[in-house]
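Colleague: Provided herewith: my_file_34.txt, compact mmCIF, C-alpha atoms and all ligand atoms.
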```
# COMPACT_ATOMS: atom_id res chain seq x y z
CA MET A 1 0.00 0.00 0.00
CA ILE A 2 1.38 3.36 -1.04
CA SER A 3 0.94 6.52 0.95
CA ASP A 4 2.09 10.04 0.49
CA GLU A 5 2.95 12.34 3.38
CA SER A 6 -0.68 12.89 4.35
CA GLY A 7 -1.98 9.34 4.07
CA ARG A 8 -3.03 6.70 1.57
CA ILE A 9 -4.59 8.22 -1.51
CA VAL A 10 -7.16 7.22 -4.07
CA PHE A 11 -7.89 9.08 -7.31
CA VAL A 12 -11.52 9.92 -8.01
CA MET A 13 -12.35 11.19 -11.48
CA VAL A 14 -14.91 13.96 -11.98
CA GLY A 15 -16.39 15.34 -15.19
CA LEU A 16 -19.13 15.23 -17.78
CA PRO A 17 -19.16 12.37 -20.27
CA ALA A 18 -16.64 12.71 -23.16
CA ARG A 19 -14.19 14.81 -21.12
CA GLY A 20 -11.40 12.25 -21.33
CA LYS A 21 -11.80 10.84 -17.80
CA THR A 22 -11.17 7.27 -18.89
CA PHE A 23 -8.22 8.37 -21.03
CA ILE A 24 -6.69 10.17 -18.03
CA SER A 25 -7.48 7.27 -15.66
CA ARG A 26 -5.80 4.75 -17.91
CA LYS A 27 -2.81 6.99 -18.47
CA ILE A 28 -2.29 7.45 -14.73
CA ALA A 29 -2.74 3.70 -14.22
CA ARG A 30 -0.26 2.83 -16.96
CA TYR A 31 2.31 5.25 -15.59
CA LEU A 32 2.00 4.10 -11.97
CA SER A 33 1.90 0.39 -12.88
CA TRP A 34 5.05 0.86 -14.94
CA LEU A 35 6.72 2.44 -11.91
CA GLY A 36 5.84 -0.69 -9.94
CA TYR A 37 2.69 0.36 -8.04
CA GLU A 38 -0.18 -2.09 -8.22
CA THR A 39 -2.80 0.15 -9.76
CA ARG A 40 -6.30 -0.53 -11.02
CA VAL A 41 -9.02 1.54 -12.68
CA PHE A 42 -12.61 0.96 -11.54
CA ASN A 43 -14.70 2.18 -14.43
CA VAL A 44 -18.35 2.50 -13.51
CA GLY A 45 -19.38 2.48 -17.20
CA SER A 46 -17.99 -1.07 -17.52
CA TYR A 47 -19.89 -2.17 -14.41
CA ARG A 48 -23.06 -0.71 -15.86
CA ARG A 49 -22.55 -2.50 -19.17
CA SER A 50 -21.78 -5.85 -17.58
CA ARG A 51 -24.67 -5.70 -15.08
CA LEU A 52 -27.37 -3.85 -16.97
CA GLY A 53 -26.40 -4.39 -20.61
CA SER A 54 -24.89 -2.00 -23.12
CA HIS A 55 -27.76 -0.47 -24.99
CA GLN A 56 -29.21 2.13 -22.66
CA HIS A 57 -31.21 4.95 -24.23
CA HIS A 58 -30.18 8.47 -23.12
CA SER A 59 -33.34 8.67 -21.00
CA PHE A 60 -31.75 6.13 -18.66
CA PHE A 61 -29.31 8.92 -17.68
CA ASP A 62 -32.00 11.58 -17.21
CA PRO A 63 -31.89 12.66 -13.53
CA ARG A 64 -35.71 12.71 -13.50
CA ASN A 65 -35.71 8.98 -14.24
CA GLU A 66 -35.95 7.47 -10.73
CA ALA A 67 -35.43 3.87 -11.82
CA GLY A 68 -32.37 4.94 -13.85
CA ASN A 69 -30.97 6.86 -10.87
CA ALA A 70 -31.33 3.85 -8.58
CA ALA A 71 -29.74 1.46 -11.09
CA ARG A 72 -26.83 3.81 -11.74
CA ARG A 73 -26.27 4.35 -8.05
CA GLU A 74 -26.14 0.61 -7.49
CA VAL A 75 -23.45 -0.03 -10.10
CA ALA A 76 -21.48 2.99 -8.86
CA LEU A 77 -21.50 1.57 -5.33
CA ALA A 78 -20.50 -1.89 -6.57
CA ALA A 79 -17.43 -0.40 -8.29
CA LEU A 80 -16.67 1.63 -5.18
CA ASP A 81 -16.83 -1.47 -2.96
CA ASP A 82 -14.56 -3.37 -5.33
CA SER A 83 -12.00 -0.56 -5.26
CA VAL A 84 -12.03 -0.63 -1.45
CA ALA A 85 -11.59 -4.43 -1.49
CA PHE A 86 -8.70 -4.09 -3.97
CA LEU A 87 -6.89 -1.65 -1.67
CA ALA A 88 -7.63 -3.71 1.43
CA GLY A 89 -6.21 -6.74 -0.39
CA GLY A 90 -2.84 -5.11 -0.95
CA GLY A 91 -3.42 -2.99 -4.06
CA ASP A 92 -1.49 0.28 -4.06
CA ILE A 93 -3.57 2.77 -6.02
CA ALA A 94 -7.22 2.74 -7.09
CA ILE A 95 -8.65 5.10 -9.67
CA TYR A 96 -12.41 5.43 -9.40
CA ASP A 97 -13.57 6.40 -12.87
CA ALA A 98 -17.12 7.79 -12.97
CA THR A 99 -18.72 11.17 -13.60
CA ASN A 100 -19.06 11.93 -9.84
CA HIS A 101 -20.65 15.11 -11.09
CA THR A 102 -22.63 16.18 -8.02
CA ARG A 103 -21.43 17.30 -4.61
CA GLU A 104 -23.71 14.77 -3.01
CA ARG A 105 -22.18 11.84 -4.92
CA ARG A 106 -18.66 13.04 -4.18
CA ARG A 107 -19.46 13.33 -0.48
CA LEU A 108 -20.67 9.74 -0.48
CA VAL A 109 -17.49 8.57 -2.23
CA ARG A 110 -15.23 10.63 0.01
CA GLU A 111 -16.89 9.35 3.17
CA ARG A 112 -16.76 5.73 2.03
CA TYR A 113 -13.02 5.97 1.40
CA ALA A 114 -12.45 7.97 4.61
CA ARG A 115 -13.94 5.09 6.62
CA GLU A 116 -11.12 2.94 5.22
CA GLY A 117 -8.50 5.55 6.08
CA LEU A 118 -8.14 6.59 2.44
CA GLN A 119 -7.82 10.16 1.26
CA VAL A 120 -9.48 11.20 -1.95
CA VAL A 121 -7.82 13.32 -4.62
CA PHE A 122 -10.40 14.47 -7.15
CA VAL A 123 -9.14 14.66 -10.72
CA GLU A 124 -11.64 16.80 -12.58
CA SER A 125 -11.55 17.14 -16.34
CA ILE A 126 -13.31 20.23 -17.62
CA CYS A 127 -13.57 20.84 -21.32
CA ASN A 128 -15.28 23.91 -22.66
CA ASP A 129 -13.96 23.62 -26.19
CA PRO A 130 -16.83 22.17 -28.29
CA ALA A 131 -14.40 20.97 -30.99
CA LEU A 132 -12.47 18.84 -28.48
CA VAL A 133 -15.66 17.33 -27.06
CA GLU A 134 -16.99 16.58 -30.52
CA ALA A 135 -13.69 14.93 -31.54
CA ASN A 136 -13.76 12.78 -28.41
CA ILE A 137 -17.38 11.73 -28.99
CA ARG A 138 -16.57 10.66 -32.53
CA ALA A 139 -13.25 8.97 -31.69
CA THR A 140 -14.39 6.93 -28.70
CA LYS A 141 -18.05 7.14 -27.73
CA ALA A 142 -19.69 6.48 -31.07
CA ARG A 143 -17.51 3.35 -31.28
CA SER A 144 -18.10 2.27 -27.70
CA PRO A 145 -19.93 -1.00 -26.89
CA ASP A 146 -22.83 1.24 -25.77
CA TYR A 147 -23.55 1.91 -29.43
CA GLU A 148 -22.60 -1.33 -31.13
CA GLY A 149 -24.67 -1.76 -34.29
CA VAL A 150 -26.00 1.82 -34.07
CA LEU A 151 -25.38 4.27 -36.92
CA GLU A 152 -22.72 6.83 -36.03
CA GLU A 153 -24.97 9.89 -36.38
CA GLU A 154 -27.64 8.31 -34.22
CA ALA A 155 -25.06 7.32 -31.60
CA VAL A 156 -23.63 10.85 -31.54
CA ARG A 157 -27.10 12.36 -31.16
CA ASP A 158 -28.01 10.05 -28.28
CA PHE A 159 -24.68 10.66 -26.59
CA ARG A 160 -25.11 14.44 -26.79
CA MET A 161 -28.44 14.04 -25.03
CA ARG A 162 -26.75 11.94 -22.37
CA ILE A 163 -24.23 14.74 -21.80
CA LEU A 164 -27.07 17.26 -21.42
CA HIS A 165 -28.68 15.11 -18.71
CA TYR A 166 -25.45 15.13 -16.72
CA ALA A 167 -24.81 18.81 -17.43
CA SER A 168 -28.20 19.72 -15.91
CA ARG A 169 -26.92 18.61 -12.48
CA TYR A 170 -23.18 19.12 -12.82
CA GLU A 171 -21.40 20.91 -9.96
CA GLU A 172 -17.69 21.67 -10.21
CA VAL A 173 -15.46 20.48 -7.38
CA GLY A 174 -15.07 23.18 -4.72
CA GLU A 175 -12.16 23.86 -2.39
CA ASP A 176 -14.26 22.77 0.57
CA GLU A 177 -14.38 19.25 -0.92
CA GLY A 178 -10.72 18.52 -0.25
CA ARG A 179 -7.75 17.90 -2.51
CA PHE A 180 -8.11 18.25 -6.26
CA VAL A 181 -6.43 18.58 -9.62
CA LYS A 182 -8.49 20.28 -12.34
CA ILE A 183 -7.43 19.76 -15.92
CA ILE A 184 -9.02 22.33 -18.17
CA ASP A 185 -9.22 21.94 -21.97
CA VAL A 186 -6.79 19.00 -22.12
CA GLY A 187 -4.10 20.65 -20.03
CA ARG A 188 -4.32 24.19 -21.39
CA LYS A 189 -4.83 25.14 -17.76
CA VAL A 190 -4.35 23.11 -14.60
CA VAL A 191 -5.60 24.12 -11.15
CA LEU A 192 -4.29 22.43 -8.02
CA HIS A 193 -5.68 22.48 -4.53
CA ARG A 194 -3.69 20.92 -1.68
CA ALA A 195 -1.87 18.74 -4.22
CA HIS A 196 1.14 18.11 -2.02
CA GLY A 197 3.00 14.87 -1.43
CA TYR A 198 5.66 13.13 -3.47
CA LEU A 199 3.48 10.67 -5.36
CA LEU A 200 0.80 13.20 -6.21
CA ALA A 201 3.40 15.72 -7.38
CA ARG A 202 4.73 13.13 -9.82
CA VAL A 203 1.26 12.32 -11.11
CA VAL A 204 0.52 16.02 -11.58
CA HIS A 205 3.82 16.50 -13.43
CA PHE A 206 2.90 13.55 -15.63
CA LEU A 207 -0.59 14.94 -16.32
CA LEU A 208 0.87 18.31 -17.30
CA ASN A 209 2.56 16.66 -20.27
CA LEU A 210 -0.42 14.76 -21.69
CA HIS A 211 -2.01 15.64 -25.01
CA VAL A 212 -4.25 13.83 -27.48
CA GLN A 213 -2.64 14.84 -30.77
CA PRO A 214 -1.91 11.81 -32.97
CA ARG A 215 1.78 11.19 -33.77
CA SER A 216 4.05 8.18 -33.98
CA VAL A 217 6.90 6.94 -31.83
CA TRP A 218 9.51 4.84 -33.60
CA LEU A 219 11.79 2.70 -31.47
CA THR A 220 14.91 1.11 -32.89
CA ARG A 221 18.14 -0.23 -31.53
CA HIS A 222 21.35 1.21 -32.92
CA GLY A 223 22.93 -0.52 -35.90
CA GLU A 224 24.91 -3.64 -35.07
CA SER A 225 28.03 -2.77 -33.07
CA GLU A 226 31.41 -4.46 -32.95
CA PHE A 227 30.48 -5.75 -29.49
CA ASN A 228 27.27 -7.27 -30.86
CA VAL A 229 29.37 -9.18 -33.36
CA LEU A 230 31.53 -10.54 -30.54
CA GLY A 231 28.53 -11.24 -28.30
CA ARG A 232 29.85 -8.84 -25.64
CA ILE A 233 27.44 -6.83 -23.50
CA GLY A 234 27.66 -3.17 -22.57
CA GLY A 235 30.78 -1.26 -23.55
CA ASP A 236 30.98 1.65 -25.95
CA ALA A 237 31.91 0.02 -29.25
CA PRO A 238 31.49 1.66 -32.67
CA LEU A 239 29.16 0.31 -35.36
CA SER A 240 30.16 -2.69 -37.46
CA ASP A 241 29.96 -2.48 -41.27
CA ALA A 242 26.52 -4.10 -41.10
CA GLY A 243 25.50 -1.58 -38.43
CA ARG A 244 26.46 1.33 -40.67
CA ALA A 245 24.57 -0.27 -43.57
CA TYR A 246 21.48 -0.50 -41.35
CA ALA A 247 21.79 3.16 -40.43
CA GLU A 248 21.80 4.04 -44.16
CA VAL A 249 18.62 2.04 -44.73
CA LEU A 250 17.05 3.57 -41.62
CA ALA A 251 17.92 7.05 -42.92
CA ARG A 252 16.03 6.37 -46.15
CA VAL A 253 12.98 4.96 -44.35
CA VAL A 254 12.90 7.92 -41.95
CA ARG A 255 13.20 10.41 -44.81
CA ASP A 256 10.41 8.72 -46.79
CA ARG A 257 8.04 7.88 -43.97
CA ILE A 258 8.47 10.48 -41.20
CA GLY A 259 10.18 13.40 -42.91
CA PRO A 260 12.40 16.15 -41.59
CA ASP A 261 10.13 16.98 -38.64
CA ALA A 262 11.12 13.84 -36.75
CA VAL A 263 12.66 14.42 -33.37
CA VAL A 264 15.62 12.07 -32.93
CA TRP A 265 16.81 10.93 -29.50
CA THR A 266 19.90 8.84 -28.75
CA SER A 267 21.80 7.68 -25.70
CA THR A 268 25.28 9.08 -25.01
CA LEU A 269 26.90 5.89 -26.32
CA ARG A 270 28.77 5.74 -29.62
CA ARG A 271 26.64 3.11 -31.30
CA THR A 272 23.42 5.14 -31.06
CA VAL A 273 25.11 8.46 -31.84
CA GLU A 274 26.82 7.02 -34.94
CA THR A 275 23.48 5.61 -36.10
CA ALA A 276 21.83 9.03 -35.67
CA GLN A 277 24.68 10.78 -37.48
CA ILE A 278 24.09 8.57 -40.50
CA VAL A 279 20.32 9.18 -40.31
CA GLY A 280 21.34 12.80 -40.73
CA LEU A 281 18.73 14.69 -38.69
CA PRO A 282 19.52 16.80 -35.61
CA TYR A 283 19.52 14.57 -32.53
CA ARG A 284 19.36 14.94 -28.77
CA MET A 285 21.65 12.80 -26.60
CA TRP A 286 20.16 11.58 -23.31
CA ARG A 287 22.08 9.86 -20.55
CA PRO A 288 18.93 8.17 -19.20
CA LEU A 289 18.77 6.34 -22.53
CA ASP A 290 22.14 4.63 -21.98
CA GLU A 291 22.02 0.83 -21.96
CA ILE A 292 21.51 -1.11 -18.71
CA ASP A 293 24.75 -0.87 -16.74
CA ALA A 294 26.15 -4.40 -16.52
CA GLY A 295 28.55 -3.33 -13.74
CA VAL A 296 31.40 -5.82 -13.24
CA CYS A 297 30.07 -7.85 -16.19
CA ASP A 298 30.41 -4.98 -18.67
CA GLY A 299 32.30 -6.15 -21.76
CA MET A 300 31.85 -9.87 -21.05
CA THR A 301 29.92 -12.45 -23.08
CA TYR A 302 27.00 -14.30 -21.47
CA ALA A 303 29.06 -17.52 -21.66
CA GLU A 304 31.93 -15.89 -19.76
CA ILE A 305 29.56 -14.63 -17.07
CA ALA A 306 28.08 -18.14 -16.67
CA GLN A 307 31.57 -19.61 -16.39
CA VAL A 308 33.31 -17.04 -14.18
CA MET A 309 30.35 -15.96 -12.02
CA PRO A 310 27.89 -18.88 -12.08
CA GLU A 311 26.01 -17.54 -9.06
CA GLU A 312 25.41 -14.20 -10.80
CA HIS A 313 24.28 -15.98 -13.93
CA ALA A 314 21.88 -18.15 -11.90
CA ALA A 315 20.52 -15.17 -9.98
CA ARG A 316 19.76 -13.34 -13.21
CA GLN A 317 18.08 -16.41 -14.69
CA ALA A 318 15.95 -16.69 -11.55
CA ASP A 319 14.70 -13.09 -11.58
CA LYS A 320 15.81 -11.14 -14.61
CA PHE A 321 13.62 -8.14 -13.77
CA ARG A 322 14.94 -7.51 -10.27
CA TYR A 323 18.46 -8.86 -10.73
CA ARG A 324 21.02 -6.08 -10.34
CA TYR A 325 24.50 -6.58 -11.82
CA PRO A 326 27.17 -6.08 -9.11
CA ARG A 327 27.95 -2.36 -9.27
CA GLY A 328 25.46 -2.08 -12.11
CA GLU A 329 21.71 -1.94 -12.65
CA SER A 330 18.56 -4.05 -12.84
CA TYR A 331 15.66 -3.60 -15.24
CA GLN A 332 13.78 -2.13 -12.29
CA ASP A 333 16.51 0.51 -11.93
CA VAL A 334 16.36 1.26 -15.66
CA ILE A 335 12.62 1.96 -15.43
CA GLN A 336 13.17 4.45 -12.59
CA ARG A 337 15.75 6.42 -14.54
CA LEU A 338 13.59 6.48 -17.67
CA GLU A 339 10.83 8.49 -16.00
CA PRO A 340 11.93 11.85 -17.49
CA VAL A 341 12.02 10.25 -20.93
CA ILE A 342 8.39 9.14 -20.50
CA PHE A 343 7.38 12.69 -19.56
CA GLU A 344 9.09 14.04 -22.67
CA LEU A 345 7.60 11.32 -24.86
CA GLU A 346 4.15 12.27 -23.62
CA ARG A 347 4.80 15.98 -24.10
CA GLU A 348 6.30 15.77 -27.59
CA ARG A 349 3.90 16.44 -30.44
CA ALA A 350 6.27 15.73 -33.33
CA PRO A 351 7.03 12.16 -34.44
CA VAL A 352 9.84 10.69 -32.34
CA LEU A 353 12.61 8.39 -33.56
CA LEU A 354 14.28 6.91 -30.51
CA ILE A 355 17.59 5.16 -31.25
CA GLY A 356 18.33 3.12 -28.17
CA HIS A 357 19.47 -0.13 -26.68
CA GLN A 358 17.87 -3.49 -26.02
CA ALA A 359 17.10 -3.23 -22.28
CA VAL A 360 16.13 0.45 -22.37
CA LEU A 361 13.80 -0.06 -25.32
CA ARG A 362 12.20 -3.03 -23.59
CA ALA A 363 11.43 -0.81 -20.61
CA LEU A 364 10.00 1.95 -22.81
CA TYR A 365 8.04 -0.56 -24.86
CA ALA A 366 6.45 -1.92 -21.67
CA TYR A 367 5.20 1.59 -20.90
CA MET A 368 3.91 2.23 -24.42
CA MET A 369 2.14 -1.13 -24.63
CA ASP A 370 0.97 -1.24 -21.00
CA LEU A 371 2.79 -4.48 -20.20
CA PRO A 372 3.39 -5.53 -16.59
CA PRO A 373 6.93 -4.24 -15.92
CA HIS A 374 8.27 -7.65 -14.84
CA GLU A 375 7.58 -8.93 -18.38
CA CYS A 376 9.75 -6.31 -20.06
CA PRO A 377 13.11 -8.22 -19.88
CA PHE A 378 11.61 -10.82 -22.22
CA VAL A 379 10.25 -8.55 -24.96
CA SER A 380 11.88 -9.30 -28.29
CA ILE A 381 13.61 -6.22 -29.69
CA PRO A 382 16.02 -7.51 -32.33
CA LEU A 383 18.65 -5.39 -34.03
CA HIS A 384 17.75 -3.83 -37.38
CA THR A 385 14.04 -3.66 -36.66
CA ILE A 386 11.83 -0.60 -36.27
CA LEU A 387 8.92 -0.76 -33.85
CA GLU A 388 6.42 1.79 -35.06
CA LEU A 389 4.04 2.67 -32.25
CA GLU A 390 0.98 4.83 -32.74
CA PRO A 391 -0.37 5.97 -29.38
CA THR A 392 -4.16 5.62 -29.52
CA ALA A 393 -6.76 6.87 -27.04
CA TYR A 394 -6.17 3.92 -24.71
CA GLY A 395 -2.78 2.36 -25.60
CA SER A 396 -0.58 1.99 -28.68
CA GLU A 397 -0.83 0.16 -31.96
CA GLU A 398 2.32 -1.59 -33.07
CA ARG A 399 3.90 -2.39 -36.42
CA ARG A 400 7.30 -4.08 -36.72
CA VAL A 401 9.48 -3.49 -39.75
CA ASP A 402 12.61 -5.63 -40.23
CA LEU A 403 15.25 -3.94 -42.32
CA PRO A 404 18.44 -5.27 -43.94
CA PRO A 405 21.13 -6.35 -43.38
CA THR A 406 20.44 -9.28 -41.07
CA PRO A 407 22.60 -8.73 -37.98
CA LEU A 408 24.75 -11.33 -36.23
CA ASP A 409 24.16 -10.45 -32.54
CA PRO A 410 24.50 -14.15 -31.66
CA GLU A 411 24.71 -14.02 -27.85
CA GLY A 412 22.35 -11.12 -27.38
CA PHE A 413 19.68 -12.95 -29.31
CA ARG A 414 20.18 -16.24 -27.47
CA GLU A 415 20.08 -14.67 -24.03
CA SER A 416 17.08 -12.51 -24.82
CA GLN A 417 15.08 -15.70 -25.50
CA THR A 418 15.62 -16.98 -21.98
O1 LIG B 1 23.66 -7.46 -26.08
C1 LIG B 1 23.32 -6.14 -26.28
C2 LIG B 1 22.77 -5.50 -25.02
O2 LIG B 1 22.31 -4.21 -25.36
C3 LIG B 1 23.75 -5.42 -23.85
O3 LIG B 1 24.58 -4.29 -23.86
C4 LIG B 1 22.84 -5.48 -22.65
O4 LIG B 1 23.50 -5.84 -21.47
C5 LIG B 1 21.82 -6.48 -23.13
O5 LIG B 1 21.65 -6.26 -24.50
C6 LIG B 1 20.49 -6.38 -22.42
O6 LIG B 1 19.73 -7.52 -22.74
P1 LIG B 1 19.52 -8.68 -21.65
O7 LIG B 1 18.87 -8.01 -20.50
O8 LIG B 1 18.64 -9.68 -22.35
O9 LIG B 1 20.85 -9.23 -21.24
```
Would you mind writing the file's structure down as C-alpha cells?
Modeller:
Amino acid sequence: MISDESGRIVFVMVGLPARGKTFISRKIARYLSWLGYETRVFNVGSYRRSRLGSHQHHSFFDPRNEAGNAARREVALAALDDSVAFLAGGGDIAIYDATNHTRERRRLVRERYAREGLQVVFVESICNDPALVEANIRATKARSPDYEGVLEEEAVRDFRMRILHYASRYEEVGEDEGRFVKIIDVGRKVVLHRAHGYLLARVVHFLLNLHVQPRSVWLTRHGESEFNVLGRIGGDAPLSDAGRAYAEVLARVVRDRIGPDAVVWTSTLRRTVETAQIVGLPYRMWRPLDEIDAGVCDGMTYAEIAQVMPEEHAARQADKFRYRYPRGESYQDVIQRLEPVIFELERERAPVLLIGHQAVLRALYAYMMDLPPHECPFVSIPLHTILELEPTAYGSEERRVDLPPTPLDPEGFRESQT
C-alpha cells in the first residue's frame, strides 16, 4: 500500500461524459503500474454494461428517471466497494472512474473511502472547447460498446443528449471538498488544490505533459556494433559495417516515412550516436537512454559470465527483472531512470525516432504497450528492426518493420530468449 505524506490516496475522477476521464485514468494507471505500483481503474461504465447491458437509451441517464438513478447508483457503489476491497487486499492505487458530477455523490465517495483511512484526490476534467468534445465523442463514444450496431450519427445524437442530462446537475469540485487537480481543456490550464505529497506531485507532473494529438513513436536499436558481433554486452563500441549499412537504410525509411520533422533521441553511447549521425537529422543525446549498466560484467559475453560468475548468472536467470549486476543496474533501476524520458515522450507532439538499446527499449516498450513491468526483460527487440508505435486513445498500436542487413548479434539474441 502506497501513501504520500498525508496518508493513503485514491484518485476519483470527476467530469461530464466525453471529457477524457477514462483516457486520463488509464494513463495514470499505466504510468503508476510501470513504476511498480499495483494500480487498477474501476470504471463505472464497464460495471453498468456488464450488469445492466450496453444499450441504454439516453433517458436512462436523465436525472428525473428514478429507476435509472437507482440502477446507476447501485453499479457505482459496486465499483466503489470493489476498489475498497482491492486496496484492502494489498493494491497500491485505485482510480475510481465515474462522472461523480454532483457534490452529493462526491461526499458519499469521500466518506466511504475515509472510513477505510483513504484520502481522496479528485481529478476533474473540464472541457469547454466544443471541438475537443466533438472529436472525443466521434473517436471513442460512437464506437463504444454502448452503441454497437447503431449508426454513427444516431449514436452521436443520443450521446449528446446523455451529456445534457449530466450537465443539468453538474457541480464543479469546490475547495471545501478537499484535494483536487483540475485539468481544463486537455491541459491548457491546470488548477491544483492541496496537491502536495511526493506521489501526487509526480502524477501532476505527468498529467501536465499529456495531449491527445496523434503522432508516432519509432523505437529502434542502434545498428549492429562491434560488441554485438563478438557477443559482448555493454561497452561503448562503434558500429560494425553491417551496423552502418542498417543506419543508411534507416535514414532512407525515416526520410520517406516520417520526414524532416522527426525528433531524434539517442543515448550518449557511440553506437546510437553514430546511427543518428548517418540518419542525418539533428539529434538529442540523453544519458537516461544509456544501456543497462552491466557493472562488473560490462564487456563480457553471457558464456563468460556463466563460467566465471555462475552464481550471478543463476541469480539473473531466476529473476531477470529484479536482478542487479554487481555495481550495475537491474531492469527495475532502468525503469526508474527512464521516468523523465516518458514525460518528454508524452509531451512531444512531433514524431519521435528513438535510437536506443535493447534493455532500455524493452522498458519503454512496456510503458507504451501497458505491459506488466516484470515482463519487459523478455520482450523481443532484435537489431535492425523498427517498432512503429501509434499511441491511440487507450494504448498503442504496433507495427514491426525488419530492415536489412540481417545482424549477427549471436549471444544477445540467445540470451534474450531466456
Ligand atoms: O547485447 C546487447 C545488449 O544491449 C547489452 O549491452 C545489454 O546488457 C543487453 O543487451 C540487455 O539484454 P539482456 O537483459 O537480455 O541481457
Colleague: Residues contacting ligand LIG 1 (chain B) - anything with an atom at most 10 Å away, using only C-alpha atoms and all ligand atoms - can you give me those as a VMD selection string?
Modeller: chain A and resid 221 to 222 224 to 225 227 to 236 290 to 295 297 to 302 316 320 to 321 323 325 329 to 331 356 to 362 376 to 383 409 to 418
Colleague: Counting only C-alpha atoms, which residue out of A:Pro372, A:Val334, A:Leu52, A:Ile184 sits closest to Gly20 (chain A)?
Modeller: A:Ile184
Colleague: Give me the residues near region 71-80 of chain A as an MDAnalysis selection string, where near means some atom within 12 Å (using all atoms listed in the file) and where sequence neighbours in that chain fewer than 6 positions away do not count.
Modeller: chainID A and resid 10:12 40:53 56 60:63 65 86:87 94:100 104:106 108:113 116
Colleague: Select, from A:His57, A:Arg347, A:His384, A:His193, the residue with the minimum atom-to-atom distance to Val150 (chain A), counting all atoms listed in the file.
Modeller: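 Answer, going by the shortest atom-to-atom distance: A:His57.
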Colleague: Taking (-11.2, 13.5, -2.7) as a centre in this file's frame and 6 Å as the limit, can you find every polymer residue with an atom that close, using all atoms listed in the file, and give them as a list in words?
Modeller: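 In the file's frame, the residues around the point are Arg110, Val120, Val121, Phe122, Gly178 and Arg179 of chain A.
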Colleague: Extract, using all atoms listed in the file, all DNA, RNA and protein residues at most 9 Å from Arg169 (chain A), discarding same-chain residues fewer than 3 positions from it, and format them as a list in words.
Modeller: Pro63, His101, Thr102, His165 and Tyr166 of chain A
Colleague: Rank nothing, just name the residue among A:Asn136, A:Thr266, A:Gln307, A:Ser59 nearest to Arg287 (chain A), using only C-alpha atoms.
Modeller: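 Result for the nearest residue to Arg287 (chain A): A:Thr266.
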Colleague: Kindly extract all protein, DNA and RNA residues lying within 7 Å of the coordinates (-19.7, 7.1, -31.9) given in the file, considering all atoms listed in the file, and supply them as a list of chain:residue names.
Modeller: A:Ile137, A:Arg138, A:Ala139, A:Thr140, A:Lys141, A:Ala142, A:Arg143, A:Ser144, A:Tyr147, A:Glu152, A:Ala155, A:Val156
Colleague: With only C-alpha atoms as the atoms that count, which of A:Glu153, A:Leu200, A:Ala167, A:Glu172 lies nearest to Gln119 (chain A)?
Modeller: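 Once distances to Gln119 (chain A) are computed over only C-alpha atoms, the minimum belongs to A:Leu200.
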Colleague: Give me, please, the distance in Å between CA of Leu281 (chain A) and CA of Gly259 (chain A), quoted to one decimal.
Modeller: 9.6 Å
Colleague: Enclose region 165-168 of chain A, meaning all of its atoms listed in the file, in a box aligned along x, y and z, pad it by 3 Å on each side, and list the centre and edge lengths in Å to one decimal, as lines of an AutoDock Vina configuration file.
Modeller:
```
center_x = -26.7
center_y = 17.4
center_z = -17.3
size_x = 9.9
size_y = 10.6
size_z = 8.8
```
Colleague: Just the number, please: distance in Å from CA of Gln336 (chain A) to CA of Tyr365 (chain A), one decimal.
Modeller: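 Here the two named atoms are 14.2 Å from each other.
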Colleague: Between A:Arg160, A:Lys27, A:Arg194, A:Arg327, which has the minimum distance to Glu346 (chain A) (counting only C-alpha atoms)?
Modeller: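 Going through A:Arg160, A:Lys27, A:Arg194, A:Arg327 one by one, the smallest distance to Glu346 (chain A) is for A:Lys27.
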Colleague: Compare A:Thr392, A:Thr385, A:Gln213, A:Ser125 by their minimum atom-to-atom distance to Pro17 (chain A), counting only C-alpha atoms, and give me the closest one.
Modeller: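 Among the listed residues, A:Ser125 lies closest to Pro17 (chain A).
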Colleague: Mind pulling up the distance from CA of Ser25 (chain A) to CA of Met161 (chain A)?
Modeller: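 That distance, rounded to one decimal, is 23.9 Å.
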Colleague: Could you model N, CA and C atoms for region 64-73 of chain A and present them as a CSV table (one decimal), in the frame of the given file?
Modeller:
```
chain,number,residue,atom,x,y,z
A,64,ARG,N,-34.3,12.8,-13.9
A,64,ARG,CA,-35.7,12.7,-13.5
A,64,ARG,C,-36.2,11.3,-13.6
A,65,ASN,N,-35.3,10.4,-14.1
A,65,ASN,CA,-35.7,9.0,-14.2
A,65,ASN,C,-35.3,8.2,-13.0
A,66,GLU,N,-36.3,8.0,-12.1
A,66,GLU,CA,-36.0,7.5,-10.7
A,66,GLU,C,-35.4,6.1,-10.8
A,67,ALA,N,-35.9,5.3,-11.7
A,67,ALA,CA,-35.4,3.9,-11.8
A,67,ALA,C,-34.0,3.9,-12.3
A,68,GLY,N,-33.7,4.8,-13.3
A,68,GLY,CA,-32.4,4.9,-13.8
A,68,GLY,C,-31.4,5.4,-12.8
A,69,ASN,N,-31.8,6.4,-12.0
A,69,ASN,CA,-31.0,6.9,-10.9
A,69,ASN,C,-30.6,5.7,-9.9
A,70,ALA,N,-31.6,4.9,-9.5
A,70,ALA,CA,-31.3,3.8,-8.6
A,70,ALA,C,-30.4,2.8,-9.2
A,71,ALA,N,-30.6,2.5,-10.4
A,71,ALA,CA,-29.7,1.5,-11.1
A,71,ALA,C,-28.3,2.0,-11.2
A,72,ARG,N,-28.2,3.2,-11.5
A,72,ARG,CA,-26.8,3.8,-11.7
A,72,ARG,C,-26.1,3.9,-10.4
A,73,ARG,N,-26.9,4.3,-9.4
A,73,ARG,CA,-26.3,4.4,-8.0
A,73,ARG,C,-25.8,3.0,-7.6
```
